[in-house]
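Everything below concerns the one structure shown next.
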2 protein chains.
Amino acid sequence: MATIYEVAALAGVSPATVSRVFNGLAVSEEKQRLVRDAAARLAFTPNKTARRLRKQSSEIIALLIPDIENPFYTALARGVEDRAQESGFSVVLCNTDDDPGKELRYLQIAASEQMAGVILSPASDEVDLGVIVSLGRPVVAVDRTTPYPVDAVKIDNRAAGIAATKALVDAGYRRVACIAGPAGIEATEDRVHGWRQVAGARVGEGYLQHANFRVDGGHAAMTALLALDTPPDAVVTTNNLMAVGALQALVEAGISPETFGVAAVGELPFMALAPASVVQVRLPARHLGTTAATMLLERIAGDAQPLRTVVLRAEVMPLTSPRKESAL
Amino acid sequence: MATIYEVAALAGVSPATVSRVFNGLAVSEEKQRLVRDAAARLAFTPNKTARRLRKQSSEIIALLIPDIENPFYTALARGVEDRAQESGFSVVLCNTDDDPGKELRYLQIAASEQMAGVILSPASDEVDLGVIVSLGRPVVAVDRTTPYPVDAVKIDNRAAGIAATKALVDAGYRRVACIAGPAGIEATEDRVHGWRQVAGARVGEGYLQHANFRVDGGHAAMTALLALDTPPDAVVTTNNLMAVGALQALVEAGISPETFGVAAVGELPFMALAPASVVQVRLPARHLGTTAATMLLERIAGDAQPLRTVVLRAEVMPLTSPRKESAL
DNA sequence: GGTCTTGACGAAATCGATTTCTTAGACTTC
DNA sequence: GAAGTCTAAGAAATCGATTTCGTCAAGACC
């Protein structure tokens, strides 16, 4: 790796001039040419580390998500990446596993790496965003919120819960249960509220099951529901993967998803494979990502307007007509 | 952010001593205590950028994958991450979209960011690994290989292709077509060879379709196959997502996956949702990741043994018994 | 013609750690 | 007790860019 000094020596100018050329500052035509020629001959690339040390900031944004194997989050990541690329920023993806410890570690890395900003889906209310915020680096919460005063992009979760439940009730199901994520996460709580609001009167004992957000959690919860004295005849899951687990459990129990109502808040991954009878509330995952990235980039650019929370509306997918395009 | 100088001043020692304490070098008990107390009081975290500039290396490894929305690669990423974490390394995930341009950009970033090493699934044979290799940074190719002399972890792709095709032939299908990925990618070519070897005699005109690796590609290819004069009665796809697209096309054409044989090299994502009749060759994605990470970390640690290529064997999944665990 | 601007550009300081010298003292060893 | 190790720890150089501060020359203005 050639350095700015070698380029300067070859071009017969000072290192300062080389730097100026690469940063678009005023330099005469003549010297610009000399510098560019020398740089090309040496295959010079500016050392980002040195630049970062000096400038105290970089063109990297950190994206902290709970589960990289959940298509909802990869779609979100896609959105963030697309938007970041446009502005010449790179995205570092970090998988927190919903573990506050891991999350904190990544936040510290983001701080000590001088990253330009952070987009995260907080694992818990207790995340200490102080390490980042006190450095003056912008943070945007996405999908989930936090008590810290930061910008946020979220989904109208209660409406999504209502929509999912309503679709089942309208289809004639009577005893609608709910498989929710871990208690204490606002997004899932709100969806549960939506469910309760619609299914309220019909809710039996034990109809609300808490599970982790993954396939195995949905499976376990569904199994528990089926073992009840008066089992439900339909279920709403508050995320996509738990619906997969629930379907799995139904199939294993020999129950067809046609007779047992299933609704998911979130799209089943790779829909083509899902039973057509499953109700899905489509979440604008990619949009969530682009919106969050846009807000973050605005802050990075120095935008100082008051804190914003953008709420995106989810959309119920029609039951009958399978979509033509890709599954996400 | 407190610096090493402030800590030194507060502790009444020199900055060098503070550095030594944090790097586990010889320092008296007494001063160690002083330094740690001061550091704690100031909430000091060493500035990674400064350290990296000085040491000319970091504890970050770059992982370049073609498609972050493909569960095969996220599982692989998971493997890399798990292994890296154990050794205190962080992983930066980069999505190349199979675009050599993007790939090169990320490689340059890896170089100018002093990343410790790179694991990649090359988008094409023409990737210029020179930028990384010439810096003496280790590189491991994963899933796909490259003409550059680097360590590699791959799958026995021909065997996988053979296994998938054989399962269909054994099940009684006669006219087995193949939906392959883009020409020129070794992994998919090898799988095609496997298919040809088994299905050879029975291959009709146009039975080999090339597509992109995604759902829409599989869909288009399947549609083309069905439009042939003598359409096949079964198909092998050389990756997971194209199988999803193929199934989609079959459903749309009103053909049940029970009557039309489908085999995929790779696991269908979220299997619980897939028709039980689909043959799947399970690829050890996560293993691929941990193995690659292990090799890379060994090289980073200075291991200088000759280049290695590790070949992992895929495994045909039993048709009938659905797995109990999570889909990946 | 003399003072004032203005602009290009070099010298040197700076960012915050690591690391190489150096030095001073403690400890062996004969 | 003199000469020869060690060891802890400070001073200062170093990594490679950016940026402040000056300098110098060319052009503007009265």
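Each chain in the structure tokens gets a letter, A, B, ..., in the order shown, and its residues are numbered from 1; ligands are numbered from 1 in order too.
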At a cut-off of 12 Å, using only C-alpha atoms (C1' of nucleotides), what residues contact DA17 of chain D? Leave out same-chain residues fewer than 3 positions from it and give the result as number ranges by chain. A: 3-5, 15-20, 22-23, 45-56; B: 50, 53; C: 14-15
Which of segment 10-204 of chain A DSSP labels helix (DSSP H, G or I), written as a PyMOL selection string: chain A and resi 10-11+15-22+29-42+48-55+71-86+100-112+130-133+157-170+186-202
Considering only C-alpha atoms, tabulate each residue of chain A that lies at most 8 Å from chain B along with its nearest interatomic pair and the corresponding distance in Å to one decimal; arrange the rows by chain and ascending residue number and present them as a Markdown table.
```
| residue | atom | partner | partner_atom | distance |
| --- | --- | --- | --- | --- |
| A:Met1 | CA | B:Leu135 | CA | 7.4 |
| A:Thr45 | CA | B:Ser112 | CA | 7.1 |
| A:Pro46 | CA | B:Ser112 | CA | 7.1 |
| A:Asn47 | CA | B:Ser112 | CA | 5.3 |
| A:Lys48 | CA | B:Ser112 | CA | 5.5 |
| A:Thr49 | CA | B:Leu53 | CA | 5.8 |
| A:Ala50 | CA | B:Leu53 | CA | 6.0 |
| A:Arg52 | CA | B:Thr49 | CA | 7.0 |
| A:Leu53 | CA | B:Thr49 | CA | 5.8 |
| A:Ile68 | CA | B:Thr74 | CA | 6.5 |
| A:Glu69 | CA | B:Thr74 | CA | 5.8 |
| A:Pro71 | CA | B:Glu69 | CA | 6.6 |
| A:Thr74 | CA | B:Glu69 | CA | 5.8 |
| A:Ala75 | CA | B:Glu69 | CA | 6.9 |
| A:Arg78 | CA | B:Ile68 | CA | 7.9 |
| A:Val91 | CA | B:Cys94 | CA | 7.7 |
| A:Val92 | CA | B:Val92 | CA | 5.3 |
| A:Leu93 | CA | B:Leu93 | CA | 5.7 |
| A:Cys94 | CA | B:Val92 | CA | 7.6 |
| A:Ser112 | CA | B:Asn47 | CA | 5.3 |
| A:Glu113 | CA | B:Lys48 | CA | 5.7 |
| A:Gln114 | CA | B:Thr49 | CA | 7.5 |
| A:Leu135 | CA | B:Met1 | CA | 7.5 |
| A:Val215 | CA | B:Ser326 | CA | 5.6 |
| A:Asp216 | CA | B:Ser326 | CA | 5.8 |
| A:Val244 | CA | B:Ala272 | CA | 6.6 |
| A:Gly245 | CA | B:Ala272 | CA | 7.5 |
| A:Leu247 | CA | B:Ala272 | CA | 7.2 |
| A:Gln248 | CA | B:Ala272 | CA | 5.3 |
| A:Pro269 | CA | B:Phe270 | CA | 7.3 |
| A:Phe270 | CA | B:Val244 | CA | 7.2 |
| A:Ala272 | CA | B:Gln248 | CA | 5.3 |
| A:Leu273 | CA | B:Ala274 | CA | 5.1 |
| A:Ala274 | CA | B:Leu273 | CA | 5.2 |
| A:Pro275 | CA | B:Leu273 | CA | 7.3 |
| A:Glu325 | CA | B:Asp216 | CA | 6.7 |
| A:Ser326 | CA | B:Val215 | CA | 5.6 |
| A:Ala327 | CA | B:Val215 | CA | 7.4 |
```
Write the residues of the selection above to a file with C-alpha atoms, as a short mmCIF file (atom, residue, chain, number, x, y, z; two decimals), in the first residue's frame.
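Dumped everything to out-v5.cif:
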```
data_model
loop_
_atom_site.label_atom_id
_atom_site.label_comp_id
_atom_site.auth_asym_id
_atom_site.auth_seq_id
_atom_site.Cartn_x
_atom_site.Cartn_y
_atom_site.Cartn_z
CA MET A 1 0.00 0.00 0.00
CA THR A 45 -5.60 4.09 -2.09
CA PRO A 46 -5.98 6.41 0.87
CA ASN A 47 -5.66 4.64 4.18
CA LYS A 48 -9.10 4.81 5.69
CA THR A 49 -7.85 4.12 9.16
CA ALA A 50 -5.55 7.11 9.21
CA ARG A 52 -10.71 8.13 10.30
CA LEU A 53 -8.35 8.75 13.17
CA ILE A 68 -30.00 -12.64 10.64
CA GLU A 69 -31.79 -15.84 9.71
CA PRO A 71 -36.13 -13.03 6.28
CA THR A 74 -32.65 -9.57 5.91
CA ALA A 75 -35.20 -7.69 3.83
CA ARG A 78 -31.43 -4.93 2.18
CA VAL A 91 -23.20 -1.13 6.23
CA VAL A 92 -21.90 -3.43 8.91
CA LEU A 93 -24.41 -6.04 9.88
CA CYS A 94 -24.43 -7.27 13.46
CA SER A 112 -14.74 2.73 19.28
CA GLU A 113 -14.70 2.22 15.52
CA GLN A 114 -15.95 5.74 14.96
CA LEU A 135 -20.59 10.76 21.29
CA VAL A 215 -39.56 -21.54 14.51
CA ASP A 216 -39.06 -23.79 17.50
CA VAL A 244 -43.88 -21.60 10.42
CA GLY A 245 -43.39 -23.47 13.68
CA LEU A 247 -47.86 -24.88 10.93
CA GLN A 248 -45.24 -27.52 11.50
CA PRO A 269 -40.91 -16.65 4.11
CA PHE A 270 -40.95 -18.08 0.64
CA ALA A 272 -44.83 -20.11 -2.61
CA LEU A 273 -44.40 -22.94 -0.19
CA ALA A 274 -47.00 -21.86 2.33
CA PRO A 275 -50.52 -23.16 2.42
CA GLU A 325 -43.06 -12.28 -7.69
CA SER A 326 -40.36 -13.40 -5.35
CA ALA A 327 -41.30 -14.39 -1.88
#
```
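For DT20 of chain C, the list of residues within 12 Å, based on only C-alpha atoms (C1' of nucleotides) and with local chain neighbours fewer than 3 positions off taken out, reads B:Ala16, D:DA11, D:DA12, D:DA13, D:DT14.
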Output of the above residues as a PDB file, in the first residue's frame, restricted to N, CA and C atoms (P, O5', C5', C4', C3', O3' and C1' of nucleotides):
```
ATOM      1  N   ALA B  16       2.494   5.091  28.015  1.00  0.00           N
ATOM      2  CA  ALA B  16       3.034   3.780  27.645  1.00  0.00           C
ATOM      3  C   ALA B  16       2.596   2.727  28.656  1.00  0.00           C
TER       4      ALA B  16
ATOM      5  P    DA D  11       8.345  11.180  30.984  1.00  0.00           P
ATOM      6  O5'  DA D  11       9.418  11.385  29.825  1.00  0.00           O
ATOM      7  C5'  DA D  11      10.578  10.554  29.742  1.00  0.00           C
ATOM      8  C4'  DA D  11      11.310  10.819  28.441  1.00  0.00           C
ATOM      9  C3'  DA D  11      10.702  11.880  27.531  1.00  0.00           C
ATOM     10  O3'  DA D  11      11.747  12.415  26.726  1.00  0.00           O
ATOM     11  C1'  DA D  11      10.389   9.750  26.552  1.00  0.00           C
ATOM     12  P    DA D  12      11.357  13.473  25.550  1.00  0.00           P
ATOM     13  O5'  DA D  12      11.186  12.537  24.280  1.00  0.00           O
ATOM     14  C5'  DA D  12      12.183  11.558  23.996  1.00  0.00           C
ATOM     15  C4'  DA D  12      11.849  10.831  22.712  1.00  0.00           C
ATOM     16  C3'  DA D  12      11.208  11.696  21.628  1.00  0.00           C
ATOM     17  O3'  DA D  12      11.679  11.216  20.385  1.00  0.00           O
ATOM     18  C1'  DA D  12       9.781   9.937  22.086  1.00  0.00           C
ATOM     19  P    DA D  13      11.406  12.024  19.034  1.00  0.00           P
ATOM     20  O5'  DA D  13      11.230  10.830  17.982  1.00  0.00           O
ATOM     21  C5'  DA D  13      12.040   9.675  18.137  1.00  0.00           C
ATOM     22  C4'  DA D  13      11.392   8.503  17.430  1.00  0.00           C
ATOM     23  C3'  DA D  13      10.803   8.838  16.059  1.00  0.00           C
ATOM     24  O3'  DA D  13      11.060   7.750  15.185  1.00  0.00           O
ATOM     25  C1'  DA D  13       9.095   8.008  17.439  1.00  0.00           C
ATOM     26  P    DT D  14      10.711   7.873  13.643  1.00  0.00           P
ATOM     27  O5'  DT D  14       9.306   7.120  13.576  1.00  0.00           O
ATOM     28  C5'  DT D  14       9.193   5.798  14.086  1.00  0.00           C
ATOM     29  C4'  DT D  14       7.779   5.326  13.967  1.00  0.00           C
ATOM     30  C3'  DT D  14       7.049   5.811  12.710  1.00  0.00           C
ATOM     31  O3'  DT D  14       6.779   4.694  11.891  1.00  0.00           O
ATOM     32  C1'  DT D  14       5.680   5.978  14.650  1.00  0.00           C
TER      33       DT D  14
END
```
Rank D:DG27, D:DG1, D:DG10, D:DG22 by their smallest atom-to-atom distance to chain B, using only C-alpha atoms (C1' of nucleotides), and report the top residue only. D:DG10
Within 8 Å of chain A: residues of chain D, using only C-alpha atoms (C1' of nucleotides), as a ChimeraX atom specification: /D:15-18
DSSP-assigned strand (DSSP E) members of segment 83-305 of chain B, reported as a tab-separated table (two decimals) with N, CA and C atoms, in the first residue's frame:
```
chain	number	residue	atom	x	y	z
B	90	SER	N	-14.77	-9.71	15.02
B	90	SER	CA	-16.09	-9.30	14.55
B	90	SER	C	-16.18	-9.60	13.05
B	91	VAL	N	-17.39	-9.79	12.59
B	91	VAL	CA	-17.60	-10.10	11.18
B	91	VAL	C	-18.37	-8.98	10.51
B	92	VAL	N	-17.89	-8.56	9.38
B	92	VAL	CA	-18.60	-7.57	8.60
B	92	VAL	C	-19.18	-8.28	7.39
B	93	LEU	N	-20.48	-8.20	7.27
B	93	LEU	CA	-21.16	-8.91	6.21
B	93	LEU	C	-21.33	-8.00	5.01
B	94	CYS	N	-20.96	-8.48	3.83
B	94	CYS	CA	-21.12	-7.66	2.64
B	94	CYS	C	-21.88	-8.44	1.59
B	95	ASN	N	-22.81	-7.78	1.00
B	95	ASN	CA	-23.71	-8.41	0.04
B	95	ASN	C	-23.25	-8.04	-1.36
B	117	GLY	N	-8.78	-10.34	7.48
B	117	GLY	CA	-8.87	-11.37	6.46
B	117	GLY	C	-10.22	-11.34	5.78
B	118	VAL	N	-10.35	-12.15	4.74
B	118	VAL	CA	-11.59	-12.14	3.95
B	118	VAL	C	-12.06	-13.55	3.66
B	119	ILE	N	-13.33	-13.78	3.85
B	119	ILE	CA	-13.95	-15.03	3.42
B	119	ILE	C	-14.93	-14.64	2.33
B	120	LEU	N	-14.81	-15.27	1.18
B	120	LEU	CA	-15.76	-14.86	0.13
B	120	LEU	C	-16.20	-16.00	-0.75
B	139	VAL	N	-7.07	-15.09	2.71
B	139	VAL	CA	-8.38	-15.16	2.07
B	139	VAL	C	-8.81	-16.61	2.04
B	140	VAL	N	-10.07	-16.87	2.30
B	140	VAL	CA	-10.60	-18.22	2.15
B	140	VAL	C	-11.82	-18.14	1.24
B	141	ALA	N	-11.82	-18.97	0.21
B	141	ALA	CA	-12.98	-19.03	-0.68
B	141	ALA	C	-13.95	-20.05	-0.10
B	142	VAL	N	-15.22	-19.74	-0.15
B	142	VAL	CA	-16.18	-20.65	0.44
B	142	VAL	C	-17.31	-20.90	-0.55
B	151	ASP	N	-6.89	-20.66	0.26
B	151	ASP	CA	-7.58	-21.78	0.89
B	151	ASP	C	-9.04	-21.79	0.44
B	152	ALA	N	-9.64	-22.96	0.47
B	152	ALA	CA	-11.03	-23.04	0.04
B	152	ALA	C	-11.79	-24.10	0.81
B	153	VAL	N	-13.07	-23.86	0.99
B	153	VAL	CA	-13.96	-24.86	1.56
B	153	VAL	C	-15.11	-25.00	0.59
B	154	LYS	N	-15.32	-26.19	0.12
B	154	LYS	CA	-16.40	-26.34	-0.83
B	154	LYS	C	-17.19	-27.59	-0.55
B	155	ILE	N	-18.18	-27.80	-1.39
B	155	ILE	CA	-19.04	-28.96	-1.22
B	155	ILE	C	-18.76	-29.90	-2.37
B	176	VAL	N	-35.91	-36.39	-16.63
B	176	VAL	CA	-35.48	-35.47	-15.57
B	176	VAL	C	-34.73	-34.27	-16.15
B	177	ALA	N	-35.31	-33.11	-16.00
B	177	ALA	CA	-34.67	-31.88	-16.48
B	177	ALA	C	-33.83	-31.27	-15.37
B	178	CYS	N	-33.15	-30.17	-15.71
B	178	CYS	CA	-32.29	-29.52	-14.72
B	178	CYS	C	-32.40	-28.01	-14.85
B	179	ILE	N	-32.59	-27.36	-13.72
B	179	ILE	CA	-32.55	-25.90	-13.70
B	179	ILE	C	-31.25	-25.52	-13.00
B	180	ALA	N	-30.33	-24.96	-13.78
B	180	ALA	CA	-29.01	-24.65	-13.26
B	180	ALA	C	-28.85	-23.15	-13.04
B	208	LEU	N	-31.91	-28.63	-20.12
B	208	LEU	CA	-31.03	-27.88	-19.22
B	208	LEU	C	-31.33	-26.40	-19.35
B	209	GLN	N	-31.82	-25.84	-18.29
B	209	GLN	CA	-32.16	-24.42	-18.30
B	209	GLN	C	-31.20	-23.66	-17.39
B	210	HIS	N	-30.70	-22.53	-17.87
B	210	HIS	CA	-29.88	-21.69	-16.99
B	210	HIS	C	-30.74	-20.54	-16.46
B	234	ALA	N	-39.87	-34.47	-14.29
B	234	ALA	CA	-39.21	-34.18	-13.02
B	234	ALA	C	-38.10	-33.17	-13.28
B	235	VAL	N	-37.68	-32.51	-12.21
B	235	VAL	CA	-36.64	-31.51	-12.39
B	235	VAL	C	-35.71	-31.47	-11.18
B	236	VAL	N	-34.43	-31.25	-11.48
B	236	VAL	CA	-33.45	-31.03	-10.42
B	236	VAL	C	-33.06	-29.55	-10.49
B	237	THR	N	-33.07	-28.85	-9.37
B	237	THR	CA	-32.58	-27.47	-9.38
B	237	THR	C	-31.25	-27.45	-8.63
B	261	GLY	N	-41.89	-34.73	-10.30
B	261	GLY	CA	-40.79	-34.86	-9.35
B	261	GLY	C	-39.94	-33.60	-9.24
B	262	VAL	N	-39.64	-33.21	-8.03
B	262	VAL	CA	-38.78	-32.06	-7.82
B	262	VAL	C	-37.67	-32.42	-6.82
B	263	ALA	N	-36.45	-32.16	-7.22
B	263	ALA	CA	-35.34	-32.38	-6.30
B	263	ALA	C	-34.50	-31.11	-6.28
B	264	ALA	N	-34.01	-30.77	-5.12
B	264	ALA	CA	-33.20	-29.56	-5.01
B	264	ALA	C	-31.86	-29.89	-4.38
B	265	VAL	N	-30.81	-29.29	-4.94
B	265	VAL	CA	-29.53	-29.36	-4.24
B	265	VAL	C	-29.56	-28.18	-3.28
B	279	VAL	N	-37.48	-33.75	-3.01
B	279	VAL	CA	-36.21	-34.33	-2.58
B	279	VAL	C	-35.24	-33.19	-2.29
B	280	GLN	N	-34.57	-33.26	-1.15
B	280	GLN	CA	-33.63	-32.20	-0.82
B	280	GLN	C	-32.28	-32.79	-0.45
B	281	VAL	N	-31.24	-32.22	-1.02
B	281	VAL	CA	-29.89	-32.63	-0.63
B	281	VAL	C	-29.42	-31.60	0.37
B	282	ARG	N	-29.23	-32.01	1.57
B	282	ARG	CA	-28.89	-31.05	2.62
B	282	ARG	C	-27.44	-30.61	2.53
```
Do you know which residues are at most 10 Å from DA9 of chain D counting only C-alpha atoms (C1' of nucleotides), after dropping those on the same chain fewer than 5 positions away, and could you put them as a compact mmCIF listing (two decimals) with N, CA and C atoms (P, O5', C5', C4', C3', O3' and C1' of nucleotides), in the first residue's frame?
```txt
# COMPACT_ATOMS: atom_id res chain seq x y z
N VAL B 13 0.86 8.02 35.72
CA VAL B 13 1.86 7.20 35.05
C VAL B 13 2.01 7.71 33.62
N SER B 14 2.84 7.05 32.82
CA SER B 14 2.98 7.47 31.43
C SER B 14 1.98 6.73 30.55
N ALA B 16 2.49 5.09 28.02
CA ALA B 16 3.03 3.78 27.64
C ALA B 16 2.60 2.73 28.66
N THR B 17 2.62 3.10 29.90
CA THR B 17 2.23 2.16 30.95
C THR B 17 0.76 1.78 30.83
N ARG B 20 0.46 -0.68 28.18
CA ARG B 20 0.96 -1.99 28.61
C ARG B 20 -0.06 -2.71 29.48
N ALA B 26 4.20 -6.55 31.02
CA ALA B 26 4.69 -6.46 32.39
C ALA B 26 4.50 -5.07 33.00
N VAL B 27 3.72 -4.99 34.04
CA VAL B 27 3.51 -3.76 34.80
C VAL B 27 3.32 -4.17 36.25
N SER B 28 3.87 -3.38 37.16
CA SER B 28 3.76 -3.75 38.58
C SER B 28 2.30 -3.74 39.04
N LYS B 31 0.90 -0.22 39.92
CA LYS B 31 0.51 0.69 38.84
C LYS B 31 -0.68 0.13 38.06
P DT C 23 20.19 6.88 28.09
O5' DT C 23 19.51 6.73 29.52
C5' DT C 23 18.31 7.46 29.80
C4' DT C 23 17.79 7.02 31.15
C3' DT C 23 18.88 6.73 32.18
O3' DT C 23 18.50 7.29 33.42
C1' DT C 23 17.44 4.89 32.02
P DA C 24 19.56 7.65 34.51
O5' DA C 24 18.81 7.24 35.84
C5' DA C 24 17.38 7.32 35.90
C4' DA C 24 16.87 6.25 36.82
C3' DA C 24 17.82 5.92 37.98
O3' DA C 24 17.05 5.77 39.15
C1' DA C 24 17.36 3.96 36.78
```
One number please: atom CA of Leu34 of chain B to atom CA of Ala11 of chain B, in Å, one decimal.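 Separating atom CA of Leu34 of chain B from atom CA of Ala11 of chain B is a distance of 5.4 Å.
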Please provide the set of residues having any atom within 10 Å of Leu228 of chain A, restricted to only C-alpha atoms (C1' of nucleotides), with same-chain residues fewer than 5 positions apart removed, written as an NGL selection string. :A and (204-207 or 223)
Each chain C residue no farther than 7 Å from chain A, nearest pair in Å, only C-alpha atoms (C1' of nucleotides), as JSON lines:
```
{"residue": "C:DA8", "atom": "C1'", "partner": "A:Val27", "partner_atom": "CA", "distance": 6.6}
{"residue": "C:DC9", "atom": "C1'", "partner": "A:Thr17", "partner_atom": "CA", "distance": 6.8}
{"residue": "C:DG10", "atom": "C1'", "partner": "A:Ser14", "partner_atom": "CA", "distance": 6.2}
{"residue": "C:DC15", "atom": "C1'", "partner": "A:Arg54", "partner_atom": "CA", "distance": 4.5}
```
Å distance separating atom CA of Arg308 of chain A from atom CA of Met115 of chain A, one decimal place: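 So the two atoms, atom CA of Arg308 of chain A and atom CA of Met115 of chain A, lie 21.7 Å apart.
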Distance in Å - atom CA of Thr188 of chain A versus atom CA of Arg286 of chain A: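 Value for the atom CA of Thr188 of chain A-atom CA of Arg286 of chain A distance: 19.2 Å.
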Spatial neighbours of DA26 of chain D, max dist 12 Å, only C-alpha atoms (C1' of nucleotides), sep filter under 5 positions, as a ChimeraX atom specification: /C:5-8
Residues from last step as file, N, CA and C atoms (P, O5', C5', C4', C3', O3' and C1' of nucleotides), as a PDB file, in the first residue's frame:
```pdb
ATOM      1  P    DT C   5      -7.726  44.075   3.315  1.00  0.00           P
ATOM      2  O5'  DT C   5      -8.177  42.913   2.335  1.00  0.00           O
ATOM      3  C5'  DT C   5      -7.309  42.577   1.271  1.00  0.00           C
ATOM      4  C4'  DT C   5      -8.094  42.065   0.080  1.00  0.00           C
ATOM      5  C3'  DT C   5      -8.656  40.666   0.270  1.00  0.00           C
ATOM      6  O3'  DT C   5      -9.738  40.483  -0.630  1.00  0.00           O
ATOM      7  C1'  DT C   5      -6.729  40.611  -1.165  1.00  0.00           C
ATOM      8  P    DT C   6     -10.684  39.147  -0.447  1.00  0.00           P
ATOM      9  O5'  DT C   6      -9.921  38.077  -1.346  1.00  0.00           O
ATOM     10  C5'  DT C   6      -9.598  38.410  -2.708  1.00  0.00           C
ATOM     11  C4'  DT C   6      -8.723  37.318  -3.306  1.00  0.00           C
ATOM     12  C3'  DT C   6      -9.048  35.901  -2.776  1.00  0.00           C
ATOM     13  O3'  DT C   6      -9.338  35.076  -3.892  1.00  0.00           O
ATOM     14  C1'  DT C   6      -6.701  36.312  -2.716  1.00  0.00           C
ATOM     15  P    DG C   7      -9.903  33.599  -3.677  1.00  0.00           P
ATOM     16  O5'  DG C   7      -8.688  32.720  -4.208  1.00  0.00           O
ATOM     17  C5'  DG C   7      -7.954  33.159  -5.354  1.00  0.00           C
ATOM     18  C4'  DG C   7      -6.728  32.266  -5.513  1.00  0.00           C
ATOM     19  C3'  DG C   7      -6.982  30.821  -5.054  1.00  0.00           C
ATOM     20  O3'  DG C   7      -6.337  29.953  -5.962  1.00  0.00           O
ATOM     21  C1'  DG C   7      -5.183  31.758  -3.832  1.00  0.00           C
ATOM     22  P    DA C   8      -6.531  28.410  -5.881  1.00  0.00           P
ATOM     23  O5'  DA C   8      -5.022  27.918  -5.804  1.00  0.00           O
ATOM     24  C5'  DA C   8      -4.105  28.386  -6.796  1.00  0.00           C
ATOM     25  C4'  DA C   8      -2.693  28.053  -6.359  1.00  0.00           C
ATOM     26  C3'  DA C   8      -2.482  26.580  -6.004  1.00  0.00           C
ATOM     27  O3'  DA C   8      -1.217  26.199  -6.531  1.00  0.00           O
ATOM     28  C1'  DA C   8      -1.907  27.947  -4.160  1.00  0.00           C
TER      29       DA C   8
END
```
Judged by only C-alpha atoms, the minimum distance to Gly79 of chain A among A:Asp190, A:Ala224, A:Leu63, A:Ser256 is found for A:Leu63
Do a neighbour search on Asp82 of chain B at 9 Å with only C-alpha atoms (C1' of nucleotides), toss out local chain neighbours closer than 6 positions, and write the hits as a VMD selection string. chain B and resid 289 to 290 293
